Structure formats: C-alpha cells, structure tokens
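Below is protein-v1.txt, holding compact mmCIF, C-alpha atoms.
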# COMPACT_ATOMS: atom_id res chain seq x y z
CA MET A 673 -7.57 -40.34 22.76
CA ASN A 674 -10.98 -39.06 23.79
CA TYR A 675 -12.70 -35.82 24.76
CA TYR A 676 -12.84 -34.08 28.12
CA PHE A 677 -15.68 -31.62 28.77
CA ASP A 678 -14.09 -29.09 31.12
CA THR A 679 -16.87 -27.92 33.45
CA ARG A 680 -14.26 -26.28 35.68
CA SER A 681 -13.90 -23.40 33.23
CA VAL A 682 -17.34 -21.90 32.72
CA GLY A 683 -17.36 -18.87 30.44
CA LYS A 684 -19.36 -15.72 31.02
CA ASP A 685 -21.95 -17.03 28.57
CA GLY A 686 -22.31 -20.30 30.52
CA ARG A 687 -20.45 -22.50 28.02
CA CYS A 688 -17.54 -24.81 28.86
CA PRO A 689 -14.50 -25.67 26.71
CA LEU A 690 -14.09 -29.06 25.12
CA ARG A 691 -10.57 -30.51 25.33
CA LEU A 692 -8.87 -33.42 23.61
CA ARG A 693 -7.25 -35.84 26.05
CA VAL A 694 -3.86 -36.97 24.68
CA ARG A 695 -1.81 -39.69 26.43
CA LYS A 696 1.84 -40.71 26.04
CA ASP A 697 4.24 -42.62 28.27
CA GLY A 698 1.78 -42.75 31.15
CA LYS A 699 1.19 -38.99 31.09
CA SER A 700 -1.69 -37.00 29.65
CA ALA A 701 -2.42 -33.47 28.43
CA MET A 702 -5.63 -31.79 27.29
CA PRO A 703 -5.28 -29.16 24.55
CA LEU A 704 -8.28 -26.99 23.70
CA THR A 705 -10.24 -27.85 20.61
CA GLY A 706 -11.58 -24.31 20.19
CA ILE A 707 -15.12 -25.58 20.79
CA ARG A 708 -17.27 -24.44 23.71
CA ILE A 709 -20.58 -26.08 24.58
CA TYR A 710 -23.43 -25.40 26.99
CA PRO A 711 -23.54 -28.12 29.72
CA ASP A 712 -27.07 -29.15 28.75
CA LYS A 713 -25.87 -29.76 25.18
CA TRP A 714 -23.26 -32.33 26.26
CA ASP A 715 -24.04 -36.02 26.89
CA GLU A 716 -21.70 -36.71 29.81
CA LYS A 717 -22.64 -40.39 30.09
CA ASN A 718 -21.65 -41.16 26.49
CA ASN A 719 -19.02 -38.39 26.30
CA ARG A 720 -20.42 -36.82 23.17
CA ALA A 721 -22.41 -33.82 21.96
CA LYS A 722 -26.18 -34.06 21.81
CA ASP A 723 -26.24 -32.16 18.53
CA VAL A 724 -25.91 -34.66 15.67
CA ARG A 725 -23.92 -32.38 13.35
CA LEU A 726 -21.52 -31.26 16.06
CA ASN A 727 -21.04 -34.84 17.19
CA GLN A 728 -20.11 -35.84 13.63
CA ARG A 729 -17.60 -33.01 13.52
CA LEU A 730 -16.10 -34.19 16.81
CA ARG A 731 -15.80 -37.78 15.54
CA ASP A 732 -14.04 -36.51 12.41
CA MET A 733 -11.66 -34.42 14.52
CA LEU A 734 -10.82 -37.39 16.74
CA ASP A 735 -10.29 -39.66 13.71
CA ASN A 736 -7.95 -37.09 12.14
CA ALA A 737 -5.94 -36.80 15.36
CA GLU A 738 -5.58 -40.58 15.68
CA ASP A 739 -4.61 -40.89 12.01
CA TYR A 740 -1.92 -38.26 12.51
CA VAL A 741 -0.47 -40.16 15.49
CA ILE A 742 -0.33 -43.32 13.34
CA LYS A 743 1.67 -41.37 10.71
CA LEU A 744 4.06 -40.10 13.39
CA LYS A 745 4.61 -43.66 14.63
CA ALA A 746 5.21 -44.95 11.10
CA SER A 747 7.82 -42.25 10.49
CA GLY A 748 9.64 -43.03 13.73
CA LYS A 749 9.14 -39.49 15.09
CA TYR A 750 6.64 -40.54 17.73
CA VAL A 751 9.20 -42.44 19.83
CA THR A 752 11.46 -39.43 20.42
CA MET A 753 8.69 -36.88 20.94
CA SER A 754 7.80 -35.57 24.37
CA LEU A 755 4.16 -35.26 25.39
CA ASN A 756 4.31 -31.49 24.94
CA GLU A 757 5.76 -31.85 21.45
CA LEU A 758 3.05 -34.36 20.55
CA VAL A 759 0.30 -32.06 21.82
CA SER A 760 1.82 -29.12 19.93
CA GLU A 761 1.89 -31.09 16.69
CA ILE A 762 -1.70 -32.30 17.07
CA SER A 763 -2.90 -28.78 17.87
CA LYS A 764 -1.06 -27.30 14.90
CA LYS A 765 -1.60 -30.02 12.31
CA VAL A 766 -5.04 -31.31 13.25
CA LEU A 767 -7.12 -29.11 15.54
CA SER A 768 -6.35 -25.75 13.91
CA ILE A 769 -6.62 -27.21 10.39
CA GLU A 770 -9.95 -28.86 11.16
CA ILE A 771 -11.29 -25.59 12.49
CA ARG A 772 -10.02 -23.66 9.46
CA LEU A 773 -11.71 -26.01 6.98
CA ASN A 774 -14.93 -24.04 7.20
CA GLN A 775 -13.30 -20.69 7.87
CA LYS A 776 -14.70 -19.03 4.76
CA GLU A 777 -18.18 -19.79 6.05
CA THR A 778 -17.61 -17.59 9.09
CA LEU A 779 -18.59 -13.99 9.71
CA CYS A 780 -15.13 -13.41 11.20
CA TRP A 781 -13.29 -14.38 8.01
CA TYR A 782 -15.51 -12.22 5.81
CA MET A 783 -15.26 -9.27 8.19
CA GLU A 784 -11.46 -9.48 8.24
CA GLN A 785 -11.38 -9.53 4.44
CA TYR A 786 -13.87 -6.66 4.25
CA ARG A 787 -11.82 -4.64 6.75
CA ASP A 788 -8.56 -5.17 4.89
CA ARG A 789 -10.08 -4.00 1.59
CA GLN A 790 -11.12 -0.62 2.98
CA LEU A 791 -9.01 2.26 1.71
CA LYS A 792 -9.94 4.68 4.48
CA ARG A 793 -8.06 4.13 7.70
CA GLY A 794 -11.02 5.27 9.80
CA THR A 795 -13.28 2.64 8.23
CA ARG A 796 -10.70 -0.09 8.84
CA GLU A 797 -10.45 0.97 12.49
CA VAL A 798 -14.23 0.77 12.94
CA TYR A 799 -14.38 -2.77 11.56
CA ASP A 800 -11.33 -3.79 13.55
CA ARG A 801 -13.02 -2.61 16.73
CA THR A 802 -16.16 -4.56 15.79
CA LEU A 803 -14.06 -7.72 15.43
CA LYS A 804 -12.41 -7.17 18.81
CA VAL A 805 -15.72 -6.66 20.61
CA LEU A 806 -17.24 -9.76 18.99
CA LYS A 807 -14.23 -11.88 19.96
CA GLU A 808 -14.45 -10.61 23.52
CA PHE A 809 -18.14 -11.50 23.64
CA ASP A 810 -17.78 -14.90 21.98
CA ASN A 811 -14.68 -17.06 22.47
CA GLU A 812 -15.68 -19.12 19.44
CA PHE A 813 -16.48 -16.18 17.17
CA THR A 814 -13.45 -16.82 14.97
CA PHE A 815 -14.86 -20.20 13.96
CA ARG A 816 -18.59 -19.56 14.22
CA PRO A 817 -20.44 -20.06 10.90
CA PHE A 818 -22.91 -17.53 9.53
CA LYS A 819 -25.85 -19.78 10.28
CA GLU A 820 -25.15 -19.54 14.01
CA ILE A 821 -25.27 -15.72 13.94
CA ASP A 822 -29.04 -15.63 14.23
CA TYR A 823 -31.60 -13.38 15.92
CA GLY A 824 -30.92 -14.93 19.32
CA TYR A 825 -27.17 -14.45 18.92
CA LEU A 826 -27.55 -10.77 18.03
CA THR A 827 -29.91 -10.08 20.94
CA ARG A 828 -27.51 -11.79 23.37
CA PHE A 829 -24.67 -9.71 21.91
CA GLU A 830 -26.72 -6.53 22.30
CA THR A 831 -27.55 -7.36 25.94
CA TRP A 832 -23.89 -8.12 26.68
CA CYS A 833 -22.80 -4.79 25.16
CA LEU A 834 -25.35 -2.89 27.26
CA LYS A 835 -24.11 -4.61 30.43
CA LYS A 836 -20.57 -3.59 29.46
CA GLY A 837 -21.75 0.03 29.54
CA MET A 838 -21.92 0.65 25.81
CA LYS A 839 -24.44 3.17 24.52
CA VAL A 840 -27.26 2.20 22.18
CA ASN A 841 -25.81 4.24 19.30
CA SER A 842 -22.37 2.68 19.79
CA ILE A 843 -23.94 -0.77 19.61
CA SER A 844 -25.83 0.27 16.47
CA ILE A 845 -22.49 0.98 14.74
CA LEU A 846 -21.32 -2.56 15.53
CA MET A 847 -24.60 -4.00 14.29
CA ARG A 848 -24.49 -2.02 11.05
CA ASN A 849 -20.98 -3.32 10.42
CA ILE A 850 -22.17 -6.90 10.99
CA ARG A 851 -25.10 -6.27 8.62
CA SER A 852 -22.78 -4.90 5.91
CA VAL A 853 -20.63 -8.02 6.03
CA PHE A 854 -23.72 -10.26 5.92
CA ASN A 855 -24.85 -8.41 2.79
CA GLU A 856 -21.40 -8.86 1.26
CA ALA A 857 -21.39 -12.60 2.04
CA ARG A 858 -24.91 -13.05 0.64
CA ARG A 859 -23.91 -11.37 -2.62
CA ALA A 860 -20.94 -13.74 -2.82
CA GLY A 861 -23.19 -16.74 -2.19
CA ALA A 862 -21.39 -17.65 1.03
CA THR A 863 -24.57 -17.72 3.11
CA SER A 864 -28.32 -17.57 2.78
CA SER A 865 -28.74 -16.63 6.44
CA TYR A 866 -29.87 -13.09 7.20
CA PRO A 867 -30.89 -12.36 10.82
CA PHE A 868 -31.48 -8.70 10.02
CA SER A 869 -34.78 -9.53 8.38
CA ILE A 870 -35.99 -10.07 11.95
CA TYR A 871 -33.51 -8.23 14.14
CA LYS A 872 -33.90 -4.44 13.98
CA ILE A 873 -30.97 -2.19 14.81
CA LYS A 874 -31.86 0.26 17.57
CA GLN A 875 -30.98 3.94 17.46
CA GLU A 876 -31.32 6.69 20.04
CA GLU A 877 -31.63 10.38 19.38
CA THR A 878 -28.13 11.83 19.35
CA ARG A 879 -27.21 13.89 22.36
CA LYS A 880 -26.09 17.48 22.00
CA ARG A 881 -22.78 17.62 20.12
CA SER A 882 -22.38 21.34 19.50
CA LEU A 883 -21.77 24.53 21.42
CA SER A 884 -24.22 27.40 21.30
CA LEU A 885 -22.81 30.89 20.88
CA ALA A 886 -23.05 31.41 24.66
CA ASP A 887 -21.36 28.04 25.26
CA LEU A 888 -18.59 28.90 22.84
CA HIS A 889 -18.02 32.27 24.53
CA GLN A 890 -17.85 30.48 27.88
CA PHE A 891 -15.33 28.06 26.40
CA MET A 892 -13.23 30.92 25.04
CA ALA A 893 -13.31 32.76 28.38
CA CYS A 894 -12.62 29.72 30.56
CA PRO A 895 -9.33 30.19 32.47
CA VAL A 896 -6.73 27.60 31.53
CA THR A 897 -3.09 26.76 32.13
CA PRO A 898 -0.56 27.61 29.39
CA ASP A 899 -0.52 23.92 28.42
CA GLN A 900 -4.32 23.79 28.17
CA GLN A 901 -4.42 26.96 26.08
CA LYS A 902 -3.11 25.19 22.98
CA TYR A 903 -5.88 22.59 23.14
CA LYS A 904 -8.45 25.36 23.38
CA ASP A 905 -6.78 27.11 20.44
CA TYR A 906 -6.80 23.94 18.35
CA PHE A 907 -10.55 23.53 18.88
CA LEU A 908 -11.19 27.15 17.88
CA LEU A 909 -8.97 26.68 14.84
CA MET A 910 -11.14 23.76 13.74
CA VAL A 911 -14.23 25.95 14.10
CA TYR A 912 -12.59 28.78 12.11
CA LEU A 913 -11.69 26.25 9.38
CA ILE A 914 -15.33 25.16 9.00
CA GLY A 915 -15.17 22.17 11.33
CA ILE A 916 -12.15 20.58 9.64
CA ASN A 917 -11.51 16.95 10.62
CA THR A 918 -8.59 16.37 13.02
CA THR A 919 -6.95 13.97 10.56
CA ASP A 920 -7.04 16.56 7.78
CA LEU A 921 -5.80 19.38 10.02
CA PHE A 922 -2.99 17.73 11.93
CA GLN A 923 -1.69 15.77 8.96
CA ALA A 924 -1.61 18.82 6.70
CA ARG A 925 1.81 19.84 5.38
CA PRO A 926 3.20 23.41 5.29
CA GLU A 927 2.87 23.43 1.49
CA ASP A 928 -0.87 22.77 1.80
CA LEU A 929 -1.26 26.37 2.97
CA HIS A 930 -0.74 28.82 0.12
CA ASP A 931 -2.34 31.95 -1.32
CA GLY A 932 -4.37 32.35 1.85
CA ARG A 933 -6.09 28.97 1.51
CA LEU A 934 -5.65 25.54 3.08
CA GLU A 935 -6.03 22.93 0.38
CA TYR A 936 -6.08 19.22 1.16
CA LYS A 937 -7.62 15.89 0.24
CA ARG A 938 -10.28 14.92 2.78
CA ASP A 939 -9.37 11.68 4.52
CA LYS A 940 -13.02 10.65 4.73
CA THR A 941 -14.06 11.18 1.11
CA GLY A 942 -10.80 11.50 -0.82
CA LYS A 943 -12.07 14.74 -2.40
CA ILE A 944 -9.94 17.84 -2.79
CA TYR A 945 -11.13 20.61 -0.47
CA SER A 946 -10.15 24.24 -0.11
CA VAL A 947 -10.94 26.62 2.74
CA LYS A 948 -10.01 30.27 3.03
CA VAL A 949 -7.86 30.89 6.10
CA GLU A 950 -9.33 33.88 7.91
CA PRO A 951 -7.09 36.08 10.12
CA GLU A 952 -8.38 34.39 13.30
CA ALA A 953 -7.32 31.00 11.97
CA GLN A 954 -4.03 32.30 10.59
CA ALA A 955 -3.06 33.71 14.01
CA ILE A 956 -3.45 30.26 15.61
CA ILE A 957 -1.54 28.55 12.79
CA ASP A 958 1.31 31.02 13.17
CA LYS A 959 1.36 30.42 16.91
CA TYR A 960 1.72 26.65 16.59
CA ARG A 961 3.55 26.23 13.28
CA GLY A 962 5.36 22.95 12.80
CA LYS A 963 8.41 22.04 10.77
CA ARG A 964 7.57 18.90 8.83
CA TRP A 965 3.84 19.43 9.42
CA LEU A 966 1.67 22.53 9.25
CA LEU A 967 1.12 22.35 13.03
CA GLU A 968 3.65 21.27 15.62
CA PRO A 969 1.97 18.28 17.36
CA MET A 970 2.87 15.71 14.72
CA ASP A 971 6.51 16.85 14.74
CA SER A 972 6.84 15.25 18.17
CA HIS A 973 4.02 12.67 18.15
CA GLY A 974 4.72 9.62 16.03
CA ASP A 975 1.22 8.19 16.47
CA PHE A 976 -1.63 10.40 15.29
CA LEU A 977 -4.32 8.28 16.95
CA SER A 978 -2.75 8.60 20.41
CA TRP A 979 -2.41 12.34 19.85
CA ARG A 980 -6.10 12.62 18.96
CA VAL A 981 -7.04 10.74 22.14
CA GLN A 982 -4.86 13.12 24.13
CA LEU A 983 -6.42 16.17 22.46
CA ASN A 984 -9.97 15.05 23.27
CA LYS A 985 -9.00 14.17 26.83
CA ARG A 986 -7.47 17.61 27.40
CA LEU A 987 -10.49 19.38 25.90
CA LYS A 988 -12.81 17.60 28.33
CA ALA A 989 -10.61 18.72 31.22
CA ILE A 990 -11.06 22.43 30.45
CA GLY A 991 -12.94 24.09 33.30
CA GLN A 992 -13.04 21.00 35.54
CA ILE A 993 -13.06 21.55 39.29
CA THR A 994 -9.75 20.85 41.02
CA GLY A 995 -8.79 20.83 44.68
CA LYS A 996 -5.53 20.56 46.56
CA ARG A 997 -2.51 19.47 44.53
CA GLY A 998 -4.60 19.57 41.36
CA LYS A 999 -6.86 16.70 42.38
CA VAL A 1000 -9.96 16.60 40.17
CA GLU A 1001 -13.07 17.02 42.31
CA GLY A 1002 -15.74 17.53 39.68
CA LYS A 1003 -16.49 17.62 35.98
CA GLY A 1004 -16.30 20.89 34.14
CA PRO A 1005 -18.85 22.38 31.74
CA PHE A 1006 -17.16 20.75 28.74
CA SER A 1007 -16.78 17.19 30.01
CA GLU A 1008 -18.61 15.81 26.94
CA ILE A 1009 -16.82 17.86 24.28
CA SER A 1010 -14.68 16.36 21.54
CA THR A 1011 -13.00 17.66 18.40
CA TYR A 1012 -16.03 16.55 16.36
CA TRP A 1013 -18.07 19.22 18.16
CA ALA A 1014 -16.22 21.89 16.17
CA ARG A 1015 -17.92 20.71 12.99
CA HIS A 1016 -21.38 20.62 14.58
CA THR A 1017 -20.78 23.98 16.24
CA TRP A 1018 -19.92 25.67 12.93
CA ALA A 1019 -22.98 24.17 11.22
CA THR A 1020 -25.29 25.13 14.11
CA LEU A 1021 -24.10 28.74 14.18
CA ALA A 1022 -24.28 29.00 10.38
CA TYR A 1023 -27.88 27.82 10.39
CA GLN A 1024 -28.72 30.17 13.26
CA ILE A 1025 -27.64 33.24 11.28
CA GLY A 1026 -29.61 32.22 8.21
CA ILE A 1027 -27.00 30.69 5.91
CA PRO A 1028 -28.81 28.44 3.36
CA VAL A 1029 -28.64 24.72 4.07
CA ASP A 1030 -27.16 23.94 0.65
CA ILE A 1031 -24.27 26.36 1.34
CA ILE A 1032 -23.74 24.78 4.77
CA GLY A 1033 -23.64 21.36 3.12
CA GLN A 1034 -21.17 22.59 0.52
CA ALA A 1035 -19.01 24.16 3.24
CA LEU A 1036 -18.93 20.89 5.18
CA GLY A 1037 -18.03 18.94 2.06
CA HIS A 1038 -21.28 16.95 1.90
CA SER A 1039 -22.00 15.30 -1.42
CA ASP A 1040 -25.34 16.34 -2.88
CA ARG A 1041 -26.54 13.40 -4.98
CA SER A 1042 -29.61 15.30 -6.15
CA HIS A 1043 -27.32 17.80 -7.89
CA ALA A 1044 -24.56 15.40 -8.91
CA VAL A 1045 -25.23 15.77 -12.65
CA THR A 1046 -25.62 19.55 -12.43
CA PHE A 1047 -22.21 19.95 -10.79
CA THR A 1048 -20.51 18.16 -13.67
CA TYR A 1049 -21.32 21.32 -15.67
CA ILE A 1050 -21.27 23.97 -12.94
CA LYS A 1051 -18.37 24.26 -10.52
CA PRO A 1052 -19.61 25.25 -7.03
CA ASP A 1053 -18.70 28.83 -6.13
CA THR A 1054 -16.26 28.75 -3.18
CA LYS A 1055 -16.85 32.47 -2.66
CA LYS A 1056 -20.23 31.72 -1.13
CA VAL A 1057 -18.59 29.29 1.32
CA ASP A 1058 -15.90 31.86 2.12
CA GLU A 1059 -18.56 34.48 2.80
CA ALA A 1060 -20.51 32.06 4.97
CA ASN A 1061 -17.44 31.27 7.08
CA ARG A 1062 -16.66 34.96 7.51
CA ARG A 1063 -20.21 35.57 8.69
CA VAL A 1064 -19.96 32.73 11.23
CA ILE A 1065 -16.66 34.07 12.61
CA ASP A 1066 -18.10 37.59 12.81
CA PHE A 1067 -21.09 36.15 14.68
CA ILE A 1068 -18.70 34.51 17.14
CA ASN A 1069 -16.73 37.76 17.54
CA ASN A 1070 -19.85 39.86 18.04
CA GLY A 1071 -20.09 40.79 21.69
CA TRP A 1072 -16.76 39.11 22.39
CA GLY A 1073 -14.79 42.32 22.18
CA VAL A 1074 -12.74 41.33 19.15
Output the structure of this file as structure tokens.
Amino acid sequence: MNYYFDTRSVGKDGRCPLRLRVRKDGKSAMPLTGIRIYPDKWDEKNNRAKDVRLNQRLRDMLDNAEDYVIKLKASGKYVTMSLNELVSEISKKVLSIEIRLNQKETLCWYMEQYRDRQLKRGTREVYDRTLKVLKEFDNEFTFRPFKEIDYGYLTRFETWCLKKGMKVNSISILMRNIRSVFNEARRAGATSSYPFSIYKIKQEETRKRSLSLADLHQFMACPVTPDQQKYKDYFLLMVYLIGINTTDLFQARPEDLHDGRLEYKRDKTGKIYSVKVEPEAQAIIDKYRGKRWLLEPMDSHGDFLSWRVQLNKRLKAIGQITGKRGKVEGKGPFSEISTYWARHTWATLAYQIGIPVDIIGQALGHSDRSHAVTFTYIKPDTKKVDEANRRVIDFINNGWGV
C-alpha cells in the first residue's frame, strides 16, 4: 500500500485529496483518507508530505492499515474478501479511527457538543447552521484541530462567505459562535489557541427593520388576495401583542388565553410573560382560531419552521408588482419585511409617542440587570405595560378611521 495524491480533484480552496492505494488480486482501489493538501505542500518525488508532523501522521496511518491487513490474513478472512470489502474494512477500521483519535481536539467536536447542550431550539439551530457553513467551506473541518483555526483561516472563511453573498452581519453571527466555542474549549483546557486576540469580528450598522406609522398604514391599506389577508392579519396581531415572537404566538394553546390575557413562557428566555389582549388583537384571534392550537396554522402544519418560512415569504410578497397570469415583475414596498419587524415596529412607535424606555424594555421582556436586585422585592406593574400598548394601538388607529 502507498499514497496517491489526487491532483485531478482540486477543491475550491486549491487543495487536493490524498488517497490510500489498496491492491488485491491484481486490482486496486483508492479510498479517501479525509486529508486534503495544497499541491505545493506535497513532495511528489518522494510521495510524502513536506510538513514533518503531517508526514509522521501519514506514516502511522499507513502502518496501521498494513498491520490490519496482516491480522485479516492471519484470521483467514483476507482470502475470501473482495477488493471492495477490503477497502470498506480499512476505511472503517483504520482510516476513520485514525482520524477520530484527535477528534476532541477539533473545533467541530466541541461545537457539536456545545450545540447539543443548548436548551433553546433557536440557539441549537444557529450553531447547527454554523457547522454546516464551515463544513461547506472546509472539507476537512470535521477533523481540523483548533491550532489550524488561526487568523488566516478565519479571514479566508470570511472572504469565502462574502463571495457566497452573505452579509457582514450574518458572517458576524457565525464568527461569534466560533468564538464562543473557542472560549469553552480554552476553559476546558482543550486548546491554548485563540485567533480572536488578533482577528476582529466585523459588524455593520443594522438596516431598517421597522415600519413607520405611515409605512404601517400603507401596509394595512395594501390590496391583497383573501389568502394574503391572513398573513397581513398575523403581522398586525404580532404588533398588537407587543411584538410577540412567532414561536410564542403560533405555538400558544387555547388555554393560554384567559381572563383577557395571553400568558405564555417565552421560548427565548424561558420566562413567564403576560400581555393584555386588546380588542384589535382579539378580533384577529377570533378570526383564525385553531382547535389544538390558539391559531389555526399549526393545526395543519406539522413543521413550525417551514410555516415560519412560508409566513415571511408571503409577507414579502404583499404589494409586489404582478403582470399577466400573476407573473411577478417587480418587488413591492415590503420586500424586506419579516415577522421580526413587528417587534421593532411596536418599540419604534412606542418611543415616538413618548413611552419611557424602561417601560418599553419591560413590555418587550428585556431583562434589566441594573435593577435585578430591586425586582426581587418589587414586582413590575403590568398595568403600565398594558397602558403603553393601548397608547401604541391608539396611535396606529389615529387617522386610520378606526
């Protein structure tokens, strides 16, 4: 057995896969080792890596593979095995095991463990997406040790993400997740590497994510089909319920609404929250009441995440320009909107009419660390939040003819 450096398969990053050449009965096969190398890092004449440490690893891998074949021959299994069966055994028993030996020294392993420990589904999803993007960028990410995730690696990853069309702030989320796992691994003593002492995470000013009063009136007046009307109503309901999160709203049960209030545990924080249901909100709830759920969508949609994607997609389509046979010919005025805008819209309007910032924060469920001790003795007055919400809704209704 020996190695074959496959220059026929050049990856997007310029690296080529290293294969193990296995021969039996005059035939040969070349399973992947999981290692990819830049052409200038491979000594083709001597068929070995130029890096001393990597070359030692490759010698160990080859020795382990040859030792395993000797064991197969001694047991008598080798004689009856086909080449494909032999390759499968070597891949499973030698190559994958060799790669997994240092698995706990990898960012991938720590990130998977970190992800699986998260109690909030949304947090798990964010880390899962980070893993998927990293694996798409780097074919060897699963087995790449912390020490190889350096400043150069992060800058190449950032450049790749930008070329893929990702926004700076989206990339910053990925980078913050990577940084969190590095911090976790450092505390556990798994690595002393820390590229973030040099690499600085970039952040752009957030684009507009709320509707002004005029924008909201335009949204309310925009002509829609009967099917689109419910998506418009759902967005308004979220505004009327103080920017409630989609998860909290569409996974609420009928029994969560009682005595004129919607009471639920916030998915993001785990805290119990209560909001007074004003007549405008109650009318929409009554219109779209569900059976097993407070609202009807989850009675027929088994997957909440796909429903949320559909909701945001339909919101963006409101007011778009269509031609013959409904063909979309241009974006509408709300092509950037999403359900999260309801929360920002409520907060923006509340601030505009002079509602104190601390009441806005309380209404949105923000934790105020500066008053954490005080609130162990004084329970926040929900009446002030109720009054604030009523004022916001009246502000929306003013001039709307309600």
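With distances taken over all atoms listed in the file, A:Lys684 is the one residue among A:Lys684, A:Arg708, A:Arg793, A:Arg1063 lying closest to Arg828 of chain A.
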Exercise for the section: Could you check which of A:Ile1032, A:Leu909, A:Ala924, A:Leu1021 is closest to Leu883 of chain A, using all atoms listed in the file? Expected result: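 Once distances to Leu883 of chain A are computed over all atoms listed in the file, the minimum belongs to A:Leu1021.
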Practice task
Between A:Leu758, A:Leu846, A:Ala1014, A:Leu967, single out the one closest to Ile916 of chain A, counting all atoms listed in the file.
Solution key: A:Ala1014
Handout entry: All residues 10 Å or closer to Ile1031 of chain A, all atoms listed in the file, same chain fewer than 4 positions away omitted, as a list in words
Key = Ala1022, Tyr1023, Ile1027, Ala1035, Leu1036, Gly1037, His1038, Pro1052, Asp1053, Thr1054, Lys1056, Val1057 and Ala1060 of chain A
Dump as JSON lines the rows for residues of segment 917-991 of chain A within 10 Å of segment 794-818 of chain A: closest atom pair and distance in Å with one decimal, all atoms listed in the file counted, ordered by chain and rising residue number.
{"residue": "A:Thr919", "atom": "CA", "partner": "A:Gly794", "partner_atom": "CA", "distance": 9.6}
{"residue": "A:Asp939", "atom": "CA", "partner": "A:Gly794", "partner_atom": "CA", "distance": 8.5}
{"residue": "A:Lys940", "atom": "CA", "partner": "A:Gly794", "partner_atom": "CA", "distance": 7.7}
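Coordinates place atom CA of Gln890 of chain A at a distance of 20.0 Å from atom CA of Leu913 of chain A.
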Problem - atom CA of Glu757 of chain A to atom CA of Ile707 of chain A, distance in Å rounded to a single decimal - result: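 Here the two named atoms are 21.8 Å from each other.
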Problem - Nearest to Thr1020 of chain A by atom-to-atom distance, counting all atoms listed in the file, from A:Val840, A:Ile914, A:Ile956, A:Trp965 - result: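 Ranked by minimum distance to Thr1020 of chain A, first place goes to A:Ile914.
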Handout entry: Of the listed residues A:Cys833, A:Ile993, A:Val853, A:Ala737, that which approaches Glu784 of chain A most closely, counting only C-alpha atoms
Key =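 Result for the nearest residue to Glu784 of chain A: A:Val853.
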Handout entry: Gap from atom CA of Gln901 of chain A to atom CA of Arg925 of chain A - Å, one decimal
Key =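 Value for the atom CA of Gln901 of chain A-atom CA of Arg925 of chain A distance: 22.8 Å.
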Practice task
Name the closest residue to Arg731 of chain A among the candidates A:Ala701, A:Met673, A:Leu966, A:Ala989; distances are taken between atoms, counting all atoms listed in the file.
Solution key: A:Met673
